[in-house]
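The data block below is protein-v3.txt; it holds compact mmCIF, C-alpha atoms.
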```
# COMPACT_ATOMS: atom_id res chain seq x y z
CA MET A 697 148.70 -20.39 63.97
CA LYS A 698 151.90 -22.28 63.42
CA LYS A 699 154.78 -20.62 65.20
CA GLN A 700 157.18 -20.79 62.31
CA LEU A 701 160.68 -19.34 62.68
CA ILE A 702 162.84 -18.11 59.85
CA GLY A 703 166.25 -19.77 59.80
CA ILE A 704 169.14 -17.92 61.40
CA GLY A 705 170.71 -17.31 58.00
CA THR A 706 167.52 -15.69 56.72
CA ILE A 707 167.21 -13.52 59.81
CA LEU A 708 170.77 -12.31 59.31
CA VAL A 709 170.00 -11.47 55.71
CA VAL A 710 166.95 -9.47 56.81
CA LEU A 711 169.00 -7.60 59.39
CA THR A 712 171.72 -6.72 56.90
CA LEU A 713 169.09 -4.99 54.79
CA ILE A 714 168.43 -2.39 57.47
CA ASN A 715 170.57 0.30 55.88
CA ASN A 716 169.99 -0.74 52.27
CA VAL A 717 167.30 0.49 49.92
CA SER A 718 165.52 -1.66 47.40
CA ALA A 719 164.16 -0.84 44.00
CA THR A 720 160.42 -0.58 43.45
CA GLN A 721 158.87 -1.08 40.04
CA LEU A 722 156.08 1.30 39.10
CA SER A 723 153.91 0.41 36.16
CA TYR A 724 152.98 2.98 33.54
CA ASN A 725 149.40 2.97 34.82
CA GLU A 726 150.56 3.60 38.39
CA ILE A 727 152.72 6.52 37.27
CA SER A 728 149.79 7.86 35.27
CA ASP A 729 147.39 7.54 38.22
CA ALA A 730 149.85 9.35 40.48
CA SER A 731 150.26 12.09 37.85
CA LYS A 732 146.50 12.56 37.65
CA LYS A 733 146.18 12.83 41.43
CA ILE A 734 148.94 15.44 41.62
CA ALA A 735 147.66 17.37 38.60
CA ASP A 736 144.07 17.35 39.89
CA GLN A 737 144.73 18.11 43.56
CA THR A 738 147.38 20.80 43.31
CA PRO A 739 145.26 23.53 41.62
CA LYS A 740 142.60 23.10 44.33
CA THR A 741 144.97 23.60 47.25
CA GLY A 742 148.01 25.31 45.75
CA GLN A 743 150.08 22.49 47.25
CA ILE A 744 151.42 19.23 45.88
CA PRO A 745 150.59 16.23 48.09
CA ALA A 746 153.38 14.96 50.35
CA GLN A 747 152.85 11.36 49.18
CA VAL A 748 150.61 9.65 46.66
CA THR A 749 149.01 6.23 47.08
CA VAL A 750 148.15 4.22 43.96
CA ASN A 751 147.30 0.55 43.69
CA ASN A 752 147.96 0.21 47.45
CA LYS A 753 151.50 1.54 46.95
CA SER A 754 152.57 4.65 48.85
CA MET A 755 154.84 6.57 46.50
CA THR A 756 157.17 9.27 47.78
CA LEU A 757 157.46 12.45 45.73
CA ASP A 758 161.09 11.63 45.04
CA ASP A 759 160.40 8.23 43.53
CA TYR A 760 157.57 9.90 41.63
CA LEU A 761 159.86 12.63 40.25
CA TYR A 762 162.32 10.03 38.97
CA ALA A 763 159.51 7.95 37.47
CA ALA A 764 157.80 10.99 35.94
CA THR A 765 160.91 12.40 34.26
CA THR A 766 161.84 8.94 32.95
CA THR A 767 158.29 8.42 31.69
CA THR A 768 158.28 11.80 29.94
CA ILE A 769 161.48 10.84 28.12
CA ASN A 770 159.92 7.49 27.16
CA LEU A 771 156.70 9.10 25.95
CA ASN A 772 158.67 11.23 23.53
CA SER A 773 159.04 8.01 21.53
CA ASN A 774 155.55 6.78 22.52
CA GLN A 775 156.87 4.12 24.90
CA LYS A 776 154.66 3.36 27.88
CA LYS A 777 157.08 1.52 30.16
CA SER A 778 157.37 0.54 33.80
CA VAL A 779 160.08 2.37 35.75
CA ASN A 780 162.30 1.04 38.52
CA THR A 781 162.83 3.56 41.31
CA ASN A 782 165.36 3.30 44.11
CA ASN A 783 163.89 4.94 47.24
CA TYR A 784 165.32 8.33 46.31
CA LYS A 785 165.83 10.84 49.12
CA PRO A 786 164.13 14.24 49.26
CA ALA A 787 165.68 17.48 48.07
CA PRO A 788 167.53 18.81 51.15
CA ASN A 789 166.93 22.53 50.65
CA PRO A 790 164.56 23.45 47.81
CA PRO A 791 163.99 27.19 47.37
CA SER A 792 160.51 28.49 48.19
CA THR A 793 160.34 30.51 44.97
CA THR A 794 160.80 29.45 41.38
CA ALA A 795 161.29 30.75 37.90
CA THR A 796 157.94 30.85 36.11
CA GLY A 797 156.91 30.87 32.47
CA LYS A 798 156.72 28.48 29.53
CA LEU A 799 159.15 25.63 29.00
CA THR A 800 159.13 24.37 25.43
CA LYS A 801 158.96 20.67 24.67
CA THR A 802 162.66 20.64 23.83
CA ALA A 803 163.45 22.40 27.13
CA TYR A 804 161.37 20.18 29.41
CA LEU A 805 162.70 17.02 27.74
CA GLN A 806 166.28 18.18 28.29
CA THR A 807 165.43 19.10 31.88
CA ALA A 808 163.97 15.63 32.39
CA GLN A 809 167.24 14.11 31.19
CA ASN A 810 169.21 16.34 33.56
CA ILE A 811 167.01 15.47 36.56
CA LYS A 812 167.18 11.75 35.85
CA LYS A 813 170.96 11.87 35.54
CA PHE A 814 171.31 13.88 38.77
CA MET A 815 169.08 11.53 40.77
CA LYS A 816 170.88 8.41 39.58
CA ALA A 817 174.23 9.94 40.50
CA ASN A 818 173.23 11.43 43.86
CA GLY A 819 170.42 9.20 45.13
CA ARG A 820 168.15 12.16 45.84
CA SER A 821 165.99 14.80 44.21
CA PRO A 822 167.56 18.10 43.13
CA ASN A 823 166.72 21.30 44.98
CA TYR A 824 166.01 22.89 41.60
CA ALA A 825 166.70 22.43 37.90
CA THR A 826 168.39 25.06 35.77
CA THR A 827 166.23 25.61 32.68
CA THR A 828 165.84 28.05 29.80
CA ILE A 829 163.61 30.23 32.00
CA GLY A 830 165.82 30.03 35.10
CA LYS A 831 165.91 27.87 38.23
CA VAL A 832 162.72 25.83 38.67
CA ASN A 833 162.32 24.53 42.21
CA TYR A 834 161.70 20.94 43.29
CA GLN A 835 157.97 21.13 43.94
CA SER A 836 157.23 23.02 40.72
CA LEU A 837 159.14 20.38 38.74
CA ILE A 838 156.96 17.64 40.22
CA TYR A 839 153.77 19.52 39.35
CA ALA A 840 155.03 20.24 35.81
CA TYR A 841 155.84 16.63 34.94
CA ALA A 842 152.56 15.43 36.45
CA ARG A 843 150.70 17.75 34.06
CA ILE A 844 152.85 16.68 31.10
CA ILE A 845 151.99 13.01 31.63
CA ASN A 846 148.36 13.83 32.32
CA PHE A 847 148.23 15.79 29.05
CA TYR A 848 149.68 12.84 27.13
CA ASN A 849 147.08 10.49 28.54
CA LYS A 850 144.29 12.82 27.49
CA LYS A 851 145.59 13.91 24.07
CA GLY A 852 147.81 11.03 22.99
CA ARG A 853 150.84 13.29 22.56
CA LEU A 854 153.25 15.40 24.60
CA PRO A 855 152.36 19.09 24.98
CA ASN A 856 154.24 21.70 22.95
CA TYR A 857 155.11 23.48 26.20
CA VAL A 858 154.40 23.38 29.94
CA THR A 859 153.74 26.45 32.03
CA ILE A 860 155.77 26.56 35.24
CA THR A 861 153.90 27.98 38.24
CA ASN A 862 154.95 28.40 41.86
CA VAL A 863 153.34 25.80 44.13
CA LYS A 864 153.93 24.86 47.73
CA MET A 865 154.57 21.54 49.43
CA GLU A 866 151.76 20.04 51.47
CA ASP A 867 152.55 20.13 55.18
CA ARG A 868 153.79 16.83 56.56
CA PRO A 869 155.57 15.64 59.67
CA ILE A 870 159.26 16.40 59.36
CA GLY A 871 160.74 14.61 62.34
CA GLU A 872 163.02 16.52 64.65
CA GLY A 873 162.05 19.85 63.18
CA ALA A 874 158.41 19.45 64.19
CA ALA A 875 157.58 21.64 67.17
CA ASN A 876 161.09 21.06 68.60
CA LYS A 877 160.18 17.54 69.65
CA ILE A 878 162.62 14.66 69.58
CA VAL A 879 161.71 11.68 67.46
CA ARG A 880 162.43 8.28 68.99
CA PRO A 881 163.44 5.64 66.44
CA VAL A 882 161.28 2.75 65.28
CA TYR A 883 161.86 -0.95 64.75
CA LEU A 884 159.71 -2.47 61.98
CA ALA A 885 158.59 -6.09 62.17
CA SER A 886 156.28 -8.37 60.26
CA ASP A 887 154.79 -11.78 60.69
CA ILE A 888 155.32 -14.20 57.80
CA ILE A 889 152.39 -13.06 55.65
CA ASP A 890 152.98 -13.16 51.89
CA GLY A 891 156.47 -14.65 51.73
CA ASN A 892 159.86 -13.15 52.44
CA SER A 893 160.13 -11.08 49.26
CA LYS A 894 156.72 -9.38 49.50
CA ASP A 895 156.95 -8.91 53.26
CA ASN A 896 160.39 -7.30 52.88
CA LYS A 897 159.11 -5.03 50.13
CA ARG A 898 156.24 -3.86 52.36
CA LEU A 899 158.66 -3.00 55.16
CA ASP A 900 160.96 -1.20 52.69
CA GLN A 901 158.06 0.94 51.45
CA LEU A 902 157.09 1.80 55.01
CA GLU A 903 160.70 2.65 55.84
CA ALA A 904 160.86 5.05 52.88
CA LEU A 905 157.76 6.90 54.09
CA LEU A 906 159.09 7.15 57.64
CA THR A 907 162.51 8.34 56.47
CA ALA A 908 160.80 11.15 54.54
CA MET A 909 159.04 12.13 57.79
CA GLY A 910 162.32 12.19 59.69
CA VAL A 911 161.78 8.98 61.67
CA GLU A 912 164.85 6.76 61.97
CA VAL A 913 164.29 3.06 61.30
CA ILE A 914 166.81 1.15 63.43
CA GLY A 915 165.92 -2.36 62.30
CA LYS A 916 163.60 -4.65 60.37
CA LEU A 917 162.74 -8.25 61.10
CA ILE A 918 160.34 -10.81 59.64
CA ASP A 919 159.55 -13.48 62.19
CA SER A 920 156.45 -14.93 63.86
CA ASP A 921 157.87 -14.01 67.27
CA ALA A 922 159.62 -10.80 66.18
CA GLU A 923 158.16 -8.67 68.97
CA TYR A 924 159.53 -11.04 71.63
CA HIS A 925 162.99 -11.25 70.03
CA ILE A 926 163.25 -7.47 69.68
CA PHE A 927 161.94 -6.42 73.09
CA GLN A 928 164.21 -8.99 74.76
CA THR A 929 167.40 -7.98 72.95
CA VAL A 930 167.14 -4.35 71.79
CA LYS A 931 167.44 -1.93 74.69
CA GLY A 932 166.59 1.75 74.87
CA ASP A 933 163.70 3.99 73.92
CA TYR A 934 162.11 3.10 70.59
CA CYS A 935 158.75 2.26 69.07
CA LEU A 936 158.06 -1.27 67.81
CA VAL A 937 155.63 -1.95 64.99
CA LYS A 938 154.46 -5.37 63.89
CA ILE A 939 152.38 -6.08 60.78
CA GLN A 940 150.37 -9.26 61.17
CA TYR A 941 147.16 -11.17 60.63
CA ASN A 942 144.86 -11.52 63.61
CA CYS A 943 145.53 -14.41 65.97
CA ALA A 944 143.52 -14.60 69.19
CA SER A 945 146.26 -16.26 71.26
CA THR A 946 148.89 -13.78 70.02
CA ILE A 947 146.66 -10.89 71.05
CA TYR A 948 146.05 -12.50 74.43
CA GLY A 949 149.81 -12.76 74.95
CA TYR A 950 150.21 -8.99 74.69
CA GLY A 951 148.30 -8.55 77.95
CA THR A 952 150.39 -10.97 79.98
CA ALA A 953 152.77 -9.92 82.73
CA TYR A 954 155.73 -11.37 80.81
CA PHE A 955 155.09 -9.33 77.67
CA LYS A 956 154.54 -6.18 79.69
CA LYS A 957 157.86 -6.78 81.43
CA ILE A 958 159.94 -7.13 78.26
CA ARG A 959 158.04 -4.33 76.52
CA ALA A 960 159.02 -2.04 79.42
CA GLY A 961 156.52 0.68 78.55
CA ARG A 962 157.80 1.24 75.02
CA PRO A 963 155.22 2.11 72.35
CA PHE A 964 153.95 -0.96 70.50
CA ILE A 965 151.80 -0.68 67.39
CA TYR A 966 149.70 -3.62 66.27
CA VAL A 967 149.08 -3.35 62.52
CA ASN A 968 146.16 -5.54 61.49
CA TRP A 969 146.86 -6.70 57.93
CA SER A 970 143.90 -9.13 57.82
CA PRO A 971 141.94 -8.27 54.67
CA LYS A 972 138.53 -9.19 56.11
CA THR A 973 138.45 -9.12 59.92
CA LYS A 974 138.54 -5.76 61.69
CA LEU A 975 139.09 -5.87 65.42
CA GLU A 976 137.34 -2.63 66.36
CA GLY A 977 133.76 -3.44 67.35
CA LEU A 978 134.36 -7.19 67.17
CA ALA A 979 132.79 -9.05 70.11
CA TRP A 980 134.65 -12.33 69.71
CA LEU A 981 137.78 -13.49 67.88
CA PRO A 982 137.90 -17.29 67.82
CA ARG A 983 141.05 -19.32 68.13
CA ALA A 984 142.93 -19.46 64.83
CA HIS A 985 142.44 -22.68 62.89
CA ASP A 986 146.20 -23.22 62.69
CA ASP A 987 146.94 -22.38 66.32
CA ASN A 988 148.98 -25.39 67.43
CA PHE A 989 150.67 -23.83 70.44
CA SER A 990 147.87 -22.67 72.78
CA PRO A 991 146.31 -24.81 75.51
CA ALA A 992 143.35 -26.90 74.38
CA THR A 993 141.12 -24.89 76.71
CA PHE A 994 141.82 -21.65 74.85
CA THR A 995 138.93 -20.94 72.47
CA GLY A 996 139.36 -17.27 71.61
CA ILE A 997 139.30 -13.75 73.02
CA ALA A 998 136.41 -11.36 73.67
CA TYR A 999 136.53 -7.78 72.41
CA PRO A 1000 140.12 -8.00 71.11
CA TYR A 1001 140.35 -4.32 70.16
CA ILE A 1002 139.40 -3.22 73.67
CA TYR A 1003 141.78 -5.80 75.10
CA LEU A 1004 144.70 -4.41 73.09
CA THR A 1005 144.02 -0.73 73.72
CA SER A 1006 143.35 -1.29 77.44
CA ASN A 1007 146.83 -2.79 77.63
CA GLY A 1008 148.33 0.34 76.08
CA ILE A 1009 148.78 -1.05 72.57
CA ILE A 1010 148.07 1.16 69.56
CA VAL A 1011 146.05 -0.48 66.79
CA ASP A 1012 146.10 0.50 63.11
CA GLU A 1013 143.66 -1.33 60.82
CA SER A 1014 143.87 0.92 57.75
CA ARG A 1015 145.99 -1.44 55.59
CA ASP A 1016 147.33 1.80 54.07
CA LEU A 1017 151.07 2.39 54.43
CA GLN A 1018 150.78 6.18 54.47
CA HIS A 1019 148.22 6.02 57.28
CA ILE A 1020 150.38 3.52 59.16
CA ALA A 1021 153.45 5.78 58.76
CA THR A 1022 151.50 8.68 60.28
CA THR A 1023 150.40 6.49 63.20
CA ILE A 1024 154.02 5.50 63.78
CA TYR A 1025 155.23 9.09 63.56
CA THR A 1026 152.77 10.15 66.26
CA GLN A 1027 153.98 7.43 68.60
CA CYS A 1028 157.62 8.27 67.91
CA LEU A 1029 157.31 11.77 69.33
CA SER A 1030 158.82 12.15 72.79
CA THR A 1031 157.47 15.01 74.83
```

Could you quickly redo this structure as structure tokens?
Amino acid sequence: MKKQLIGIGTILVVLTLINNVSATQLSYNEISDASKKIADQTPKTGQIPAQVTVNNKSMTLDDYLYAATTTTINLNSNQKKSVNTNNYKPAPNPPSTTATGKLTKTAYLQTAQNIKKFMKANGRSPNYATTTIGKVNYQSLIYAYARIINFYNKKGRLPNYVTITNVKMEDRPIGEGAANKIVRPVYLASDIIDGNSKDNKRLDQLEALLTAMGVEVIGKLIDSDAEYHIFQTVKGDYCLVKIQYNCASTIYGYGTAYFKKIRAGRPFIYVNWSPKTKLEGLAWLPRAHDDNFSPATFTGIAYPYIYLTSNGIIVDESRDLQHIATTIYTQCLST
């Protein structure tokens, strides 16, 4: 594997993005798939899911709410469009109860306009929306617009009304409020995998999921040697995550005395993004074909998964951002 370094200017650009959010485009089909999942799952459990994954994208409920209200407005003129979301923040204090009853088509279209306007102005979801039947809470709004879009996709038209019911939010980690535990922050890193734009987008999506869980992201860096740069320069208690393809010599390096010294006992999560090779159960990982930095005598590593875990490294091979976020959350809890 070629040890390629991003130029200093590029690294600085990546670091300046730490506190910024980036827009994500959701296609009409992705919004429809998310709507179907919410509409199908909620009646079975009485709870809307905390996040929805479609087309390998983990969508927060807040980005979904913006996309769903915008899509409902578009469908009123039979326009099936993509929607750009902006990593909207959750409603800070949604009421547990809601007004119930039937919202007419005119009423739910006006409510959609109001929600969209509020979210664009405030960067977050509303706690509730004031409607013709009263105050409809955040989670019931999400469920309502999921059913509206689902109805359109089945019938080819918007429904004449939508019935508002009281639903709950699926339990999810909520950071510092969870069992009175303190959440240590996390630093997100990635090898150079799919190019700067796609790699940045992946880290942004993961950051959005972690923020919704209450985990603070203190930095993001794309660099082949990111873990070494970060552990050497960033002090304190935090968790480091690196998304990467498998490289035998890189894995071997994580068990060396030098890496253990700079890691200093901090949690380190190895995210295997290789689409084909899973480490768990693998007896031998050969030297990477583009490894131009290891000694000629190095040919590979035996039982790489066991090697990593025996050196205290957490491994996530799901290639699913929601699953990865949950793994990170668990490691960010300080007891």

query: How far is it from atom CA of A:Leu722 to atom CA of A:Leu771, in Å with one decimal?
result: 15.3 Å

field: Shell of 8 Å around A:Ser1014, only C-alpha atoms, local chain residues under 5 positions omitted, as a PyMOL selection string
entry: chain A and resi 968+1019-1020

- prompt: Can you tell me how far atom CA of A:Asp987 sits from atom CA of A:Asn942, in Å to one decimal?
  reply: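 The value is 11.4 Å.
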
field: Nearest residue to A:Thr1005 from the set A:Leu975, A:Gly910, A:Ser731, A:Val858 (distances using all atoms listed in the file)
entry: A:Leu975

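Taking atom CA of A:Asn1007 and atom CA of A:Gly951 as endpoints, the distance between them is 6.0 Å.
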
message: Restricting the calculation to all atoms listed in the file: of A:Gln928, A:Thr766, A:Asn774, A:Gln1018, which residue gets closest to A:Val750?
response: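 The closest residue to A:Val750 is A:Gln1018.
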
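Close contacts of A:Glu1013, defined as residues with an atom at most 7 Å away when counting only C-alpha atoms, with chain neighbours fewer than 4 positions off set aside, comprise Val967, Asn968, Trp969 and Lys974 of chain A.
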
field: For A:Pro791: contacts at 10 Å, all atoms listed in the file, fewer than 2 positions along chain excluded, given as a list in words
entry: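 That gives Ala787, Pro788, Asn789, Thr793, Thr794, Asn823, Tyr824, Lys831, Val832, Asn833, Tyr834 and Gln835 of chain A.
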
task: Return the single residue from A:Thr828, A:Asp729, A:Lys740, A:Ala746 that is closest to A:Asn846, with distances computed using all atoms listed in the file.
output: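 Of A:Thr828, A:Asp729, A:Lys740, A:Ala746, the one nearest A:Asn846, counting all atoms listed in the file, is A:Asp729.
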
For stretch 839-843 of chain A: contacts at 12 Å, all atoms listed in the file, fewer than 6 positions along chain excluded, given as a compact mmCIF listing (two decimals) with C-alpha atoms, in the frame of the given file:
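Contents of part25.txt, as written:
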```txt
# COMPACT_ATOMS: atom_id res chain seq x y z
CA ILE A 727 152.72 6.52 37.27
CA SER A 728 149.79 7.86 35.27
CA ASP A 729 147.39 7.54 38.22
CA ALA A 730 149.85 9.35 40.48
CA SER A 731 150.26 12.09 37.85
CA LYS A 732 146.50 12.56 37.65
CA LYS A 733 146.18 12.83 41.43
CA ILE A 734 148.94 15.44 41.62
CA ALA A 735 147.66 17.37 38.60
CA ASP A 736 144.07 17.35 39.89
CA GLN A 737 144.73 18.11 43.56
CA THR A 738 147.38 20.80 43.31
CA PRO A 739 145.26 23.53 41.62
CA GLY A 742 148.01 25.31 45.75
CA GLN A 743 150.08 22.49 47.25
CA ILE A 744 151.42 19.23 45.88
CA PRO A 745 150.59 16.23 48.09
CA ALA A 746 153.38 14.96 50.35
CA VAL A 748 150.61 9.65 46.66
CA LEU A 757 157.46 12.45 45.73
CA TYR A 760 157.57 9.90 41.63
CA LEU A 761 159.86 12.63 40.25
CA TYR A 762 162.32 10.03 38.97
CA ALA A 763 159.51 7.95 37.47
CA ALA A 764 157.80 10.99 35.94
CA THR A 765 160.91 12.40 34.26
CA THR A 766 161.84 8.94 32.95
CA THR A 767 158.29 8.42 31.69
CA THR A 768 158.28 11.80 29.94
CA ILE A 769 161.48 10.84 28.12
CA LEU A 771 156.70 9.10 25.95
CA THR A 796 157.94 30.85 36.11
CA GLY A 797 156.91 30.87 32.47
CA LYS A 798 156.72 28.48 29.53
CA LEU A 799 159.15 25.63 29.00
CA THR A 800 159.13 24.37 25.43
CA LYS A 801 158.96 20.67 24.67
CA TYR A 804 161.37 20.18 29.41
CA LEU A 805 162.70 17.02 27.74
CA THR A 807 165.43 19.10 31.88
CA ALA A 808 163.97 15.63 32.39
CA ILE A 811 167.01 15.47 36.56
CA VAL A 832 162.72 25.83 38.67
CA ASN A 833 162.32 24.53 42.21
CA ASN A 849 147.08 10.49 28.54
CA LYS A 850 144.29 12.82 27.49
CA LYS A 851 145.59 13.91 24.07
CA LEU A 854 153.25 15.40 24.60
CA PRO A 855 152.36 19.09 24.98
CA TYR A 857 155.11 23.48 26.20
CA VAL A 858 154.40 23.38 29.94
CA THR A 859 153.74 26.45 32.03
CA ILE A 860 155.77 26.56 35.24
CA THR A 861 153.90 27.98 38.24
CA ASN A 862 154.95 28.40 41.86
CA VAL A 863 153.34 25.80 44.13
CA LYS A 864 153.93 24.86 47.73
CA MET A 865 154.57 21.54 49.43
```

Return stretch 938-950 of chain A, completed with N, CA, C and O atoms, as an mmCIF file, in the coordinates of the input.
```
data_model
loop_
_atom_site.group_PDB
_atom_site.id
_atom_site.type_symbol
_atom_site.label_atom_id
_atom_site.label_comp_id
_atom_site.auth_asym_id
_atom_site.auth_seq_id
_atom_site.Cartn_x
_atom_site.Cartn_y
_atom_site.Cartn_z
ATOM 1 N N LYS A 938 154.521 -4.056 64.508
ATOM 2 C CA LYS A 938 154.460 -5.370 63.890
ATOM 3 C C LYS A 938 153.219 -5.474 63.008
ATOM 4 O O LYS A 938 152.100 -5.236 63.444
ATOM 5 N N ILE A 939 153.456 -5.843 61.741
ATOM 6 C CA ILE A 939 152.380 -6.080 60.780
ATOM 7 C C ILE A 939 152.028 -7.558 60.838
ATOM 8 O O ILE A 939 152.906 -8.415 60.729
ATOM 9 N N GLN A 940 150.738 -7.863 60.989
ATOM 10 C CA GLN A 940 150.370 -9.260 61.170
ATOM 11 C C GLN A 940 148.889 -9.494 60.893
ATOM 12 O O GLN A 940 148.089 -8.560 60.881
ATOM 13 N N TYR A 941 148.554 -10.753 60.650
ATOM 14 C CA TYR A 941 147.160 -11.170 60.630
ATOM 15 C C TYR A 941 146.700 -11.389 62.064
ATOM 16 O O TYR A 941 147.504 -11.608 62.969
ATOM 17 N N ASN A 942 145.390 -11.348 62.273
ATOM 18 C CA ASN A 942 144.860 -11.520 63.610
ATOM 19 C C ASN A 942 144.994 -12.958 64.091
ATOM 20 O O ASN A 942 144.673 -13.900 63.366
ATOM 21 N N CYS A 943 145.443 -13.107 65.311
ATOM 22 C CA CYS A 943 145.530 -14.410 65.970
ATOM 23 C C CYS A 943 145.129 -14.195 67.426
ATOM 24 O O CYS A 943 145.773 -13.409 68.140
ATOM 25 N N ALA A 944 144.071 -14.841 67.857
ATOM 26 C CA ALA A 944 143.520 -14.600 69.190
ATOM 27 C C ALA A 944 144.549 -14.844 70.295
ATOM 28 O O ALA A 944 144.682 -14.045 71.232
ATOM 29 N N SER A 945 145.295 -15.943 70.203
ATOM 30 C CA SER A 945 146.260 -16.260 71.260
ATOM 31 C C SER A 945 147.429 -15.275 71.270
ATOM 32 O O SER A 945 147.957 -14.940 72.335
ATOM 33 N N THR A 946 147.823 -14.795 70.084
ATOM 34 C CA THR A 946 148.890 -13.780 70.020
ATOM 35 C C THR A 946 148.426 -12.508 70.714
ATOM 36 O O THR A 946 149.173 -11.900 71.493
ATOM 37 N N ILE A 947 147.206 -12.091 70.419
ATOM 38 C CA ILE A 947 146.660 -10.890 71.050
ATOM 39 C C ILE A 947 146.578 -11.069 72.565
ATOM 40 O O ILE A 947 146.958 -10.175 73.324
ATOM 41 N N TYR A 948 146.134 -12.231 72.995
ATOM 42 C CA TYR A 948 146.050 -12.500 74.430
ATOM 43 C C TYR A 948 147.432 -12.360 75.088
ATOM 44 O O TYR A 948 147.558 -11.811 76.184
ATOM 45 N N GLY A 949 148.459 -12.829 74.398
ATOM 46 C CA GLY A 949 149.810 -12.760 74.950
ATOM 47 C C GLY A 949 150.281 -11.356 75.239
ATOM 48 O O GLY A 949 151.110 -11.137 76.142
ATOM 49 N N TYR A 950 149.767 -10.368 74.505
ATOM 50 C CA TYR A 950 150.210 -8.990 74.690
ATOM 51 C C TYR A 950 149.736 -8.392 76.017
ATOM 52 O O TYR A 950 150.226 -7.337 76.431
#
```
